[in-house]
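See below for final_11.tsv, which holds TSV, C-alpha atoms.
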chain	number	residue	atom	x	y	z
A	1	MET	CA	92.90	47.26	113.86
A	2	ASP	CA	91.92	43.60	114.16
A	3	TYR	CA	88.33	43.19	115.33
A	4	LEU	CA	89.51	40.72	117.99
A	5	GLU	CA	91.73	43.38	119.51
A	6	ALA	CA	88.88	45.84	119.22
A	7	GLU	CA	86.65	43.81	121.55
A	8	GLU	CA	88.45	45.17	124.61
A	9	GLN	CA	89.06	48.71	123.35
A	10	LEU	CA	85.85	49.88	121.65
A	11	THR	CA	82.34	50.70	122.75
A	12	ASP	CA	79.52	48.34	121.79
A	13	GLU	CA	78.57	50.55	118.86
A	14	GLN	CA	82.15	50.81	117.62
A	15	LEU	CA	82.62	47.07	118.05
A	16	SER	CA	79.51	46.40	115.96
A	17	GLU	CA	80.88	48.63	113.22
A	18	GLU	CA	84.23	46.83	113.37
A	19	ILE	CA	82.55	43.43	113.14
A	20	GLU	CA	80.44	44.62	110.19
A	21	ARG	CA	83.60	45.84	108.45
A	22	PHE	CA	85.20	42.45	108.98
A	23	ARG	CA	82.06	40.73	107.68
A	24	ARG	CA	82.28	42.68	104.43
A	25	ILE	CA	85.93	41.64	104.04
A	26	VAL	CA	85.03	37.97	104.53
A	27	LEU	CA	82.09	38.13	102.12
A	28	SER	CA	84.27	39.88	99.57
A	29	ALA	CA	86.66	36.93	99.66
A	30	CYS	CA	83.71	34.56	99.20
A	31	SER	CA	82.42	36.49	96.19
A	32	SER	CA	85.89	36.28	94.63
A	33	LEU	CA	85.92	32.48	94.61
A	34	GLY	CA	83.99	32.04	91.36
A	35	ASN	CA	80.47	31.97	89.95
A	36	LEU	CA	77.99	30.07	87.82
A	37	GLN	CA	78.25	30.58	84.09
A	38	LEU	CA	76.21	29.34	81.17
A	39	ALA	CA	77.87	26.39	79.44
A	40	THR	CA	76.69	24.82	76.20
A	41	GLY	CA	77.26	21.46	74.62
A	42	SER	CA	78.30	18.09	75.99
A	43	ALA	CA	79.55	14.78	74.66
A	44	GLN	CA	75.99	13.45	74.78
A	45	ASP	CA	74.16	16.54	73.53
A	46	PRO	CA	75.98	19.36	71.68
A	47	THR	CA	72.92	21.62	72.06
A	48	GLU	CA	72.66	21.19	75.84
A	49	ARG	CA	72.60	24.37	77.90
A	50	ARG	CA	73.47	24.24	81.59
A	51	MET	CA	74.89	26.31	84.41
A	52	GLU	CA	78.45	25.41	85.40
A	53	TYR	CA	80.58	26.68	88.29
A	54	VAL	CA	83.75	28.38	87.08
A	55	PRO	CA	86.45	29.21	89.67
A	56	SER	CA	87.98	32.67	89.36
A	57	ASP	CA	91.64	33.37	88.68
A	58	ASP	CA	91.93	34.50	92.32
A	59	CYS	CA	90.20	31.40	93.66
A	60	LEU	CA	93.19	29.89	95.48
A	61	ALA	CA	94.18	33.24	97.02
A	62	SER	CA	90.60	33.77	98.22
A	63	LEU	CA	90.48	30.29	99.75
A	64	LYS	CA	93.68	31.07	101.65
A	65	ASP	CA	92.16	34.35	102.85
A	66	ILE	CA	89.07	32.55	104.14
A	67	LYS	CA	91.24	30.03	105.97
A	68	ARG	CA	93.18	32.88	107.59
A	69	TYR	CA	89.96	34.62	108.64
A	70	ILE	CA	88.69	31.40	110.25
A	71	GLN	CA	91.93	30.98	112.17
A	72	GLU	CA	91.83	34.58	113.36
A	73	ASP	CA	88.21	34.11	114.38
A	74	GLU	CA	89.10	31.07	116.51
A	75	GLN	CA	90.89	33.40	118.93
A	76	GLY	CA	87.57	34.99	119.86
A	77	GLU	CA	84.30	33.52	121.11
A	78	GLY	CA	81.82	34.69	118.50
A	79	LYS	CA	82.81	32.36	115.63
A	80	TRP	CA	81.65	35.11	113.34
A	81	VAL	CA	83.41	33.84	110.22
A	82	LEU	CA	81.93	30.35	110.50
A	83	ARG	CA	78.53	31.92	111.04
A	84	TRP	CA	78.81	34.15	107.96
A	85	LEU	CA	80.06	31.30	105.80
A	86	GLY	CA	77.08	29.23	106.92
A	87	GLU	CA	74.62	32.03	106.19
A	88	CYS	CA	76.04	32.39	102.66
A	89	ASN	CA	76.13	28.63	102.01
A	90	THR	CA	79.77	29.01	100.98
A	91	LEU	CA	80.50	25.31	101.46
A	92	GLN	CA	77.61	24.20	99.24
A	93	ASN	CA	77.76	26.98	96.64
A	94	ASP	CA	81.51	27.46	96.29
A	95	ILE	CA	83.92	25.16	98.11
A	96	ILE	CA	82.41	21.84	97.01
A	97	PRO	CA	82.05	22.96	93.35
A	98	ILE	CA	85.64	24.25	93.38
A	99	PHE	CA	86.86	20.98	94.86
A	100	ILE	CA	84.97	18.92	92.25
A	101	HIS	CA	86.29	21.14	89.44
A	102	TYR	CA	89.95	20.77	90.43
A	103	THR	CA	89.77	17.04	91.21
A	104	LYS	CA	88.72	16.58	87.59
A	105	GLN	CA	91.72	18.68	86.56
A	106	LEU	CA	94.08	16.40	88.48
A	107	ASN	CA	92.98	13.47	86.29
A	108	ARG	CA	93.93	15.29	83.09
A	109	GLN	CA	97.22	15.87	81.34
A	110	LEU	CA	98.40	19.19	82.74
A	111	SER	CA	101.61	21.13	82.76
A	112	ASP	CA	103.61	20.92	85.97
A	113	HIS	CA	102.52	24.46	86.87
A	114	ASP	CA	98.81	23.77	86.29
A	115	HIS	CA	98.97	20.43	88.13
A	116	ASP	CA	100.66	22.09	91.11
A	117	HIS	CA	98.01	24.83	91.13
A	118	ALA	CA	95.18	22.28	90.97
A	119	LEU	CA	96.69	20.20	93.78
A	120	LYS	CA	97.17	23.25	96.02
A	121	THR	CA	93.55	24.27	95.42
A	122	VAL	CA	92.25	20.78	96.21
A	123	MET	CA	94.29	20.68	99.43
A	124	MET	CA	93.05	24.10	100.48
A	125	CYS	CA	89.44	23.04	99.84
A	126	VAL	CA	89.93	19.96	102.03
A	127	GLU	CA	91.39	22.09	104.82
A	128	LEU	CA	88.34	24.34	104.70
A	129	LEU	CA	85.94	21.39	104.57
A	130	VAL	CA	87.57	20.03	107.72
A	131	PHE	CA	87.27	23.43	109.44
A	132	LEU	CA	83.63	23.92	108.46
A	133	THR	CA	82.38	20.43	109.35
A	134	TRP	CA	84.28	20.08	112.65
A	135	SER	CA	82.15	19.09	115.62
A	136	MET	CA	80.89	21.78	117.98
A	137	ASP	CA	80.46	19.33	120.87
A	138	SER	CA	83.23	20.94	122.91
A	139	GLU	CA	81.70	24.40	122.53
A	140	PRO	CA	79.23	26.05	124.94
A	141	GLU	CA	75.60	25.01	124.52
A	142	GLU	CA	74.68	28.37	122.98
A	143	VAL	CA	77.26	27.88	120.21
A	144	LYS	CA	76.15	24.29	119.55
A	145	VAL	CA	72.51	25.32	119.21
A	146	ARG	CA	73.44	28.19	116.89
A	147	PHE	CA	75.47	26.02	114.52
A	148	ILE	CA	73.59	22.71	114.50
A	149	ARG	CA	71.35	23.75	111.60
A	150	VAL	CA	74.36	24.92	109.61
A	151	LEU	CA	76.16	21.62	110.21
A	152	ARG	CA	73.07	19.66	109.19
A	153	SER	CA	72.88	21.64	105.96
A	154	TYR	CA	76.51	20.69	105.33
A	155	LYS	CA	75.64	17.03	105.90
A	156	ARG	CA	72.84	17.26	103.33
A	157	ALA	CA	75.33	18.76	100.86
A	158	PHE	CA	77.52	15.67	101.15
A	159	ALA	CA	74.61	13.24	100.78
A	160	ASN	CA	75.03	13.35	97.01
A	161	SER	CA	77.24	11.39	94.64
A	162	PRO	CA	79.40	14.12	93.04
A	163	ALA	CA	80.80	15.37	96.36
A	164	VAL	CA	81.46	11.89	97.75
A	165	PHE	CA	82.89	10.62	94.46
A	166	SER	CA	85.34	13.52	94.23
A	167	LEU	CA	86.50	13.05	97.82
A	168	LEU	CA	86.88	9.30	97.38
A	169	SER	CA	88.63	9.42	94.01
A	170	THR	CA	91.14	11.95	95.35
A	171	ALA	CA	91.83	9.89	98.47
A	172	VAL	CA	92.30	6.70	96.44
A	173	MET	CA	94.51	8.46	93.89
A	174	PHE	CA	97.04	9.57	96.48
A	175	PHE	CA	96.67	6.61	98.85
A	176	ARG	CA	97.74	4.25	96.06
A	177	LYS	CA	100.94	6.19	95.34
A	178	ALA	CA	103.95	4.16	96.39
A	179	HIS	CA	105.86	7.26	97.44
A	180	LYS	CA	103.62	9.96	98.85
A	181	THR	CA	104.86	13.35	99.91
A	182	ASP	CA	103.99	14.52	103.41
A	183	LYS	CA	101.41	16.90	101.94
A	184	GLU	CA	99.79	14.12	99.92
A	185	ALA	CA	99.60	11.92	103.03
A	186	LEU	CA	97.98	14.81	104.90
A	187	LEU	CA	95.49	15.21	102.05
A	188	VAL	CA	94.34	11.59	102.43
A	189	LYS	CA	94.10	12.06	106.20
A	190	GLY	CA	92.16	15.30	105.71
A	191	ILE	CA	89.63	13.62	103.42
A	192	LEU	CA	89.04	10.92	106.03
A	193	TYR	CA	88.52	13.72	108.56
A	194	VAL	CA	85.83	15.18	106.30
A	195	PHE	CA	84.02	11.83	106.04
A	196	ARG	CA	84.29	11.39	109.81
A	197	ASN	CA	83.08	14.92	110.55
A	198	VAL	CA	80.08	14.66	108.24
A	199	LEU	CA	79.03	11.26	109.62
A	200	ALA	CA	79.30	12.67	113.15
A	201	ILE	CA	76.81	15.49	112.52
A	202	PRO	CA	73.65	14.37	114.34
A	203	ASP	CA	70.27	14.33	112.64
A	204	PRO	CA	67.28	15.58	114.65
A	205	LEU	CA	65.90	12.84	116.86
A	206	VAL	CA	62.88	11.31	115.11
A	207	SER	CA	60.19	9.61	117.13
A	208	PRO	CA	59.79	5.91	116.24
A	209	THR	CA	56.02	6.51	116.06
A	210	SER	CA	56.26	9.27	113.46
A	211	ARG	CA	55.30	8.57	109.87
A	212	GLY	CA	56.16	9.83	106.42
A	213	MET	CA	59.37	11.20	104.93
A	214	SER	CA	60.54	12.54	108.29
A	215	GLN	CA	61.50	8.96	109.08
A	216	VAL	CA	64.20	8.95	106.40
A	217	GLU	CA	67.16	10.68	108.02
A	218	VAL	CA	69.94	12.43	106.16
A	219	HIS	CA	72.28	9.92	107.79
A	220	ASP	CA	70.60	7.10	105.89
A	221	ALA	CA	70.82	9.03	102.63
A	222	LEU	CA	74.51	9.64	103.31
A	223	ILE	CA	75.11	5.94	104.02
A	224	ALA	CA	73.39	5.06	100.73
A	225	VAL	CA	75.66	7.43	98.78
A	226	LEU	CA	78.79	6.21	100.58
A	227	ASP	CA	77.81	2.67	99.65
A	228	LYS	CA	76.94	3.52	96.04
A	229	GLU	CA	80.24	5.33	95.43
A	230	LEU	CA	82.23	2.53	97.18
A	231	ALA	CA	83.49	4.86	99.91
A	232	ILE	CA	82.43	2.31	102.52
A	233	ASP	CA	84.46	-0.35	100.73
A	234	PHE	CA	87.46	2.00	100.86
A	235	PHE	CA	87.01	2.36	104.63
A	236	LEU	CA	86.78	-1.44	105.00
A	237	THR	CA	89.88	-1.94	102.88
A	238	LEU	CA	91.84	0.41	105.11
A	239	ALA	CA	90.47	-1.23	108.27
A	240	SER	CA	91.40	-4.73	107.01
A	241	SER	CA	94.98	-3.51	106.64
A	242	ALA	CA	95.01	-1.45	109.83
A	243	ASP	CA	97.90	-3.44	111.26
A	244	ASP	CA	100.12	-1.89	108.58
A	245	LYS	CA	102.39	0.65	110.24
A	246	GLN	CA	101.80	3.10	107.39
A	247	LEU	CA	98.15	3.34	108.45
A	248	LYS	CA	98.81	4.10	112.11
A	249	ASP	CA	97.87	7.78	111.78
A	250	LEU	CA	94.59	6.84	110.06
A	251	ARG	CA	93.39	4.27	112.60
A	252	PRO	CA	91.71	6.66	115.09
A	253	THR	CA	89.75	8.32	112.27
A	254	LEU	CA	88.72	4.93	110.87
A	255	LEU	CA	87.47	3.97	114.34
A	256	ASP	CA	85.30	7.09	114.39
A	257	ILE	CA	83.98	6.37	110.89
A	258	VAL	CA	82.96	2.83	111.85
A	259	TYR	CA	81.39	4.13	115.05
A	260	TYR	CA	79.30	6.76	113.25
A	261	LEU	CA	78.23	4.42	110.44
A	262	PHE	CA	76.41	2.38	113.09
A	263	TYR	CA	75.63	5.38	115.30
A	264	ARG	CA	72.43	4.81	117.33
A	265	VAL	CA	71.58	1.69	115.31
A	266	PRO	CA	70.36	-1.16	117.57
A	267	VAL	CA	71.91	-4.50	116.65
A	268	PRO	CA	68.56	-6.33	116.26
A	269	ALA	CA	67.55	-3.79	113.59
A	270	LEU	CA	70.24	-5.23	111.31
A	271	PHE	CA	68.38	-8.56	111.16
A	272	ASP	CA	64.79	-7.44	110.71
A	273	GLN	CA	64.97	-8.42	107.04
A	274	GLN	CA	65.60	-12.06	106.12
A	275	ALA	CA	68.93	-12.55	104.34
A	276	THR	CA	72.08	-14.59	104.59
A	277	TRP	CA	74.25	-12.32	106.69
A	278	PHE	CA	77.70	-13.38	105.56
A	279	GLN	CA	76.84	-13.23	101.86
A	280	ALA	CA	76.49	-10.33	99.46
A	281	ASP	CA	73.27	-9.88	97.48
A	282	ASN	CA	74.63	-12.01	94.62
A	283	GLY	CA	75.37	-14.83	97.06
A	284	SER	CA	79.14	-14.50	96.84
A	285	LYS	CA	81.29	-13.68	99.82
A	286	ARG	CA	83.23	-10.43	99.88
A	287	LEU	CA	86.66	-11.38	101.06
A	288	GLY	CA	89.48	-9.31	102.45
A	289	ARG	CA	93.15	-10.11	102.62
A	290	HIS	CA	92.78	-11.45	106.17
A	291	ASN	CA	90.47	-14.31	105.22
A	292	ASP	CA	91.82	-15.27	101.81
A	293	PHE	CA	93.57	-18.26	103.39
A	294	GLY	CA	91.80	-18.43	106.74
A	295	GLY	CA	93.46	-17.34	109.95
A	296	VAL	CA	94.61	-18.39	113.38
A	297	TYR	CA	93.91	-16.08	116.31
A	298	ALA	CA	95.45	-16.21	119.77
A	299	VAL	CA	92.85	-15.22	122.35
A	300	SER	CA	93.57	-14.57	126.02
A	301	THR	CA	90.71	-15.58	128.32
A	302	GLY	CA	91.87	-13.27	131.11
A	303	ASP	CA	93.33	-15.95	133.38
A	304	SER	CA	96.70	-16.24	131.63
A	305	THR	CA	95.30	-18.91	129.31
A	306	ILE	CA	96.02	-18.47	125.61
A	307	MET	CA	93.52	-20.20	123.34
A	308	PRO	CA	94.03	-20.73	119.57
A	309	VAL	CA	90.90	-20.06	117.51
A	310	PHE	CA	90.51	-20.82	113.82
A	311	ASN	CA	87.34	-18.94	112.93
A	312	ALA	CA	86.67	-15.19	112.87
A	313	LYS	CA	83.29	-15.56	114.58
A	314	GLU	CA	84.67	-17.82	117.28
A	315	VAL	CA	87.25	-15.17	118.12
A	316	LEU	CA	84.44	-13.03	119.50
A	317	HIS	CA	82.91	-15.58	121.87
A	318	PRO	CA	85.54	-15.34	124.66
A	319	PHE	CA	84.59	-11.68	124.97
A	320	ALA	CA	80.85	-12.32	125.04
A	321	ASN	CA	80.39	-12.41	128.81
A	322	MET	CA	82.53	-9.33	129.24
A	323	PHE	CA	80.39	-7.26	126.91
A	324	LYS	CA	76.95	-8.87	126.99
A	325	LYS	CA	76.33	-8.68	130.74
A	326	ARG	CA	76.21	-4.93	130.84
A	327	GLN	CA	73.78	-4.97	133.77
A	328	ASN	CA	76.61	-6.30	135.95
A	329	MET	CA	78.99	-3.53	134.99
A	330	ARG	CA	79.63	-0.74	137.48
A	331	LYS	CA	77.39	2.21	136.75
A	332	PRO	CA	78.98	5.66	137.03
A	333	ARG	CA	78.13	7.30	140.33
A	334	ASP	CA	78.91	10.77	139.16
A	335	PRO	CA	76.39	12.13	136.59
A	336	ALA	CA	79.24	14.07	134.97
A	337	GLU	CA	81.10	10.79	134.44
A	338	ALA	CA	78.09	9.29	132.70
A	339	LYS	CA	77.70	12.37	130.53
A	340	ALA	CA	81.31	12.12	129.41
A	341	THR	CA	80.77	8.64	127.93
A	342	PRO	CA	80.77	9.10	124.14
A	343	VAL	CA	78.03	6.50	123.60
A	344	ASP	CA	74.62	7.81	122.62
A	345	ARG	CA	72.01	5.54	124.21
A	346	GLU	CA	69.13	6.85	122.09
A	347	TRP	CA	68.52	4.33	119.30
A	348	ARG	CA	67.28	5.75	116.02
A	349	THR	CA	64.74	4.60	113.49
A	350	LEU	CA	66.58	2.92	110.62
A	351	ASP	CA	65.55	3.41	107.00
A	352	PRO	CA	64.83	-0.09	105.59
A	353	ALA	CA	67.10	0.68	102.62
A	354	SER	CA	70.05	1.06	105.01
A	355	VAL	CA	69.56	-2.34	106.65
A	356	PRO	CA	71.21	-4.52	103.96
A	357	ILE	CA	74.03	-1.99	103.58
A	358	LEU	CA	74.90	-1.94	107.27
A	359	ARG	CA	74.40	-5.70	107.58
A	360	ARG	CA	76.92	-6.24	104.77
A	361	VAL	CA	79.35	-3.78	106.34
A	362	ALA	CA	79.07	-5.57	109.68
A	363	ALA	CA	79.66	-8.94	108.03
A	364	VAL	CA	82.73	-7.79	106.13
A	365	PHE	CA	84.10	-5.95	109.17
A	366	ILE	CA	83.87	-9.03	111.38
A	367	ASP	CA	85.17	-11.36	108.68
A	368	SER	CA	88.03	-9.23	107.38
A	369	CYS	CA	88.67	-6.27	109.68
A	370	PHE	CA	87.89	-7.10	113.29
A	371	ASN	CA	91.10	-8.94	114.13
A	372	PRO	CA	93.68	-6.66	112.43
A	373	PHE	CA	91.85	-3.45	113.25
A	374	MET	CA	91.00	-4.13	116.88
A	375	SER	CA	94.41	-5.67	117.57
A	376	ALA	CA	96.14	-2.58	116.17
A	377	MET	CA	93.85	-0.20	118.06
A	378	PHE	CA	94.28	-1.98	121.41
A	379	GLU	CA	98.03	-2.06	120.84
A	380	ASP	CA	97.92	1.70	120.20
A	381	ALA	CA	95.96	2.14	123.42
A	382	LYS	CA	98.50	0.11	125.38
A	383	VAL	CA	101.51	1.94	123.94
A	384	SER	CA	100.07	5.46	123.88
A	385	GLY	CA	98.62	5.42	127.38
A	386	THR	CA	96.95	8.73	128.21
A	387	ALA	CA	96.95	9.76	124.55
A	388	MET	CA	94.26	7.11	123.90
A	389	ASP	CA	92.23	7.68	127.07
A	390	ALA	CA	89.55	9.72	125.32
A	391	MET	CA	89.23	7.11	122.57
A	392	THR	CA	89.22	3.97	124.72
A	393	PRO	CA	85.48	4.06	125.63
A	394	ARG	CA	84.58	4.32	121.94
A	395	LEU	CA	87.02	1.54	121.06
A	396	LEU	CA	85.46	-0.74	123.70
A	397	TYR	CA	81.98	0.20	122.51
A	398	VAL	CA	82.76	-0.66	118.87
A	399	ALA	CA	84.31	-3.96	119.93
A	400	ALA	CA	81.25	-4.77	122.05
A	401	TYR	CA	78.90	-3.73	119.25
A	402	PHE	CA	80.37	-6.22	116.79
A	403	VAL	CA	80.43	-8.93	119.46
A	404	ASP	CA	76.69	-8.30	119.81
A	405	VAL	CA	76.27	-8.44	116.03
A	406	SER	CA	78.07	-11.77	115.90
A	407	LEU	CA	76.01	-13.26	118.72
A	408	THR	CA	72.71	-11.89	117.35
A	409	ASN	CA	73.37	-13.07	113.79
A	410	PRO	CA	70.68	-15.66	113.06
A	411	ALA	CA	72.67	-17.26	110.21

Now that the file is in, can you turn its structure into structure tokens?
Amino acid sequence: MDYLEAEEQLTDEQLSEEIERFRRIVLSACSSLGNLQLATGSAQDPTERRMEYVPSDDCLASLKDIKRYIQEDEQGEGKWVLRWLGECNTLQNDIIPIFIHYTKQLNRQLSDHDHDHALKTVMMCVELLVFLTWSMDSEPEEVKVRFIRVLRSYKRAFANSPAVFSLLSTAVMFFRKAHKTDKEALLVKGILYVFRNVLAIPDPLVSPTSRGMSQVEVHDALIAVLDKELAIDFFLTLASSADDKQLKDLRPTLLDIVYYLFYRVPVPALFDQQATWFQADNGSKRLGRHNDFGGVYAVSTGDSTIMPVFNAKEVLHPFANMFKKRQNMRKPRDPAEAKATPVDREWRTLDPASVPILRRVAAVFIDSCFNPFMSAMFEDAKVSGTAMDAMTPRLLYVAAYFVDVSLTNPA
């Protein structure tokens, strides 16, 4: 008997026993994924001794079982499987190590059978990472409170280079293929979902007056790793080519990624440190394909007048009044309407190490991405209609944010 069916047919005591039985089944699948084993020797030091995660022969089958248990659990309200996986640190201790192991396998010369097995395992890991890191914002408050610590522990697990590097290298590997299968395209999309989900996990609100290490949020550590491993550059590359029809399915996720990179960061904070905004640290501009030879932009001023503009920064000025004079905008009368706006008005304290990273990202986005990305997104909104309604406030917010960045830029 499925424990979900048992909820309506058993007494409380019997239901508890049924849930415990199901818990043992789930944990059995987790224990069958693999384990740490002693490994000796390396290219640098033949005498080195270290612990290395080794997936079991039944690893892929166990991953599929866990996915099935999660899907079954979604039919109920307890989210027991997600809770048990969080308690056992399955994402940190098993799924990420398995994913890293098999991404390395994909870069080796393998037989067709072994390559297919490695690819299936990588895809299953990504599916589970998407499941486990998915936002709980739409869930009841009790569920959100219960899972927020688990989600934050997942975010910490991704704030390290091996996990980000493996995700990025896999996405780039398949994105660059001229002829991708549908499954390979879904794999790239799934990896972007993982990046989006992890960036969306909120850190605890830290008081601006607090001192010490509590000021350095996991979000800043994650941004540093994404920058170090060039994941942010991958996002910017995709955004600069967002008007490509092949990227249509990725555009909404890229919008979310950009939004959460600058989540709760006040624009003036990007300019607290003196630097030339439109230049990299070495003084050379980072160029994208949309400013290799300059560009001409057609801007509508709202009164049927079309104005040609020849500079990426100037493109933003016709929108300045629309976005800057927020005090003149209609304020929602219904508190529920205000609550539904996906813009968090609580600014956060920014780690000084993140300032040059985000300033560079903002510069490159405005120079190389703003026109193709925003044009494509607004076109999607116009064509899709109600399908984009939930995303439109965030799209307008991101557009306004970079208008503010452009107007605040002291350079």

key: CA of Pro252 in chain A to CA of Ala231 in chain A, straight-line distance in Å   =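 We find that CA of Ala231 in chain A and CA of Pro252 in chain A lie 17.4 Å from each other.
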
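Between CA of Asp233 in chain A and CA of Gln109 in chain A lies a distance of 28.3 Å.
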
query = Hey, can you check how far CA of Leu270 in chain A sits from CA of Val355 in chain A?
reply = 5.5 Å

query = List as a ChimeraX atom specification: which residues have an atom within 10 Å of (78.4, 36.0, 108.9), counting only C-alpha atoms?
reply = /A:19-20,22-24,26-27,79-88

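Closest approach to Ile148 in chain A among A:Leu38, A:Ile201, A:Met124, A:Leu396 is made by A:Ile201 (distances from only C-alpha atoms).
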
key: Residues within 12 Å of Leu238 in chain A, all atoms listed in the file, excluding chain neighbours under 2 positions, as a ChimeraX atom specification   = /A:171-172,175-176,188-189,192,231-236,240-255,257-258,288-290,365,368-370,372-373

key: Shortest interatomic distance to Glu142 in chain A - which of A:Gln105, A:Gly78, A:Pro268, A:Val383, counting only C-alpha atoms   =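 So, comparing all the options, the nearest one is A:Gly78.
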
request  = Would you kindly identify which residues have an atom no farther than 12 Å from (68.3, 4.1, 112.8), using all atoms listed in the file and the file's own coordinates, and write them out as number ranges by chain?
outcome  = A: 202-208, 215-221, 223, 260-270, 346-355, 358

Among the residues A:Leu128, A:Ile66, A:Ala399, A:Met51, the one that comes closest to Ser31 in chain A [using all atoms listed in the file] =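 Looking at the shortest contact to Ser31 in chain A, the residue is A:Ile66.
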
Residue rebuild result range 32-38 of chain A, all heavy atoms as a PDB file, in the frame of the given file:
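Ended up saving to rebuild14.pdb:
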ATOM      1  N   SER A  32      84.767  36.353  95.563  1.00  0.00           N
ATOM      2  CA  SER A  32      85.890  36.280  94.630  1.00  0.00           C
ATOM      3  C   SER A  32      86.282  34.844  94.285  1.00  0.00           C
ATOM      4  O   SER A  32      87.230  34.621  93.526  1.00  0.00           O
ATOM      5  CB  SER A  32      87.120  37.001  95.214  1.00  0.00           C
ATOM      6  OG  SER A  32      86.837  38.368  95.464  1.00  0.00           O
ATOM      7  N   LEU A  33      85.568  33.873  94.841  1.00  0.00           N
ATOM      8  CA  LEU A  33      85.920  32.480  94.610  1.00  0.00           C
ATOM      9  C   LEU A  33      85.572  32.027  93.191  1.00  0.00           C
ATOM     10  O   LEU A  33      86.306  31.254  92.568  1.00  0.00           O
ATOM     11  CB  LEU A  33      85.208  31.570  95.618  1.00  0.00           C
ATOM     12  CG  LEU A  33      85.686  31.685  97.069  1.00  0.00           C
ATOM     13  CD1 LEU A  33      84.751  30.927  97.994  1.00  0.00           C
ATOM     14  CD2 LEU A  33      87.110  31.155  97.199  1.00  0.00           C
ATOM     15  N   GLY A  34      84.447  32.460  92.679  1.00  0.00           N
ATOM     16  CA  GLY A  34      83.990  32.040  91.360  1.00  0.00           C
ATOM     17  C   GLY A  34      82.502  32.269  91.235  1.00  0.00           C
ATOM     18  O   GLY A  34      81.871  32.844  92.128  1.00  0.00           O
ATOM     19  N   ASN A  35      81.912  31.797  90.142  1.00  0.00           N
ATOM     20  CA  ASN A  35      80.470  31.970  89.950  1.00  0.00           C
ATOM     21  C   ASN A  35      79.949  30.996  88.907  1.00  0.00           C
ATOM     22  O   ASN A  35      80.727  30.318  88.212  1.00  0.00           O
ATOM     23  CB  ASN A  35      80.149  33.412  89.530  1.00  0.00           C
ATOM     24  CG  ASN A  35      80.962  33.834  88.325  1.00  0.00           C
ATOM     25  OD1 ASN A  35      80.891  33.219  87.272  1.00  0.00           O
ATOM     26  ND2 ASN A  35      81.761  34.886  88.477  1.00  0.00           N
ATOM     27  N   LEU A  36      78.635  30.913  88.826  1.00  0.00           N
ATOM     28  CA  LEU A  36      77.990  30.070  87.820  1.00  0.00           C
ATOM     29  C   LEU A  36      77.972  30.775  86.484  1.00  0.00           C
ATOM     30  O   LEU A  36      77.685  31.968  86.406  1.00  0.00           O
ATOM     31  CB  LEU A  36      76.560  29.730  88.254  1.00  0.00           C
ATOM     32  CG  LEU A  36      76.405  28.774  89.444  1.00  0.00           C
ATOM     33  CD1 LEU A  36      74.954  28.713  89.880  1.00  0.00           C
ATOM     34  CD2 LEU A  36      76.910  27.380  89.081  1.00  0.00           C
ATOM     35  N   GLN A  37      78.283  30.029  85.441  1.00  0.00           N
ATOM     36  CA  GLN A  37      78.250  30.580  84.090  1.00  0.00           C
ATOM     37  C   GLN A  37      77.520  29.607  83.176  1.00  0.00           C
ATOM     38  O   GLN A  37      77.498  28.401  83.414  1.00  0.00           O
ATOM     39  CB  GLN A  37      79.672  30.827  83.574  1.00  0.00           C
ATOM     40  CG  GLN A  37      80.454  31.868  84.352  1.00  0.00           C
ATOM     41  CD  GLN A  37      81.842  32.111  83.791  1.00  0.00           C
ATOM     42  OE1 GLN A  37      82.163  31.676  82.683  1.00  0.00           O
ATOM     43  NE2 GLN A  37      82.674  32.813  84.549  1.00  0.00           N
ATOM     44  N   LEU A  38      76.938  30.162  82.127  1.00  0.00           N
ATOM     45  CA  LEU A  38      76.210  29.340  81.170  1.00  0.00           C
ATOM     46  C   LEU A  38      77.197  28.558  80.317  1.00  0.00           C
ATOM     47  O   LEU A  38      78.122  29.127  79.729  1.00  0.00           O
ATOM     48  CB  LEU A  38      75.325  30.213  80.282  1.00  0.00           C
ATOM     49  CG  LEU A  38      74.503  29.469  79.223  1.00  0.00           C
ATOM     50  CD1 LEU A  38      73.481  28.549  79.889  1.00  0.00           C
ATOM     51  CD2 LEU A  38      73.796  30.462  78.294  1.00  0.00           C
TER      52      LEU A  38
END
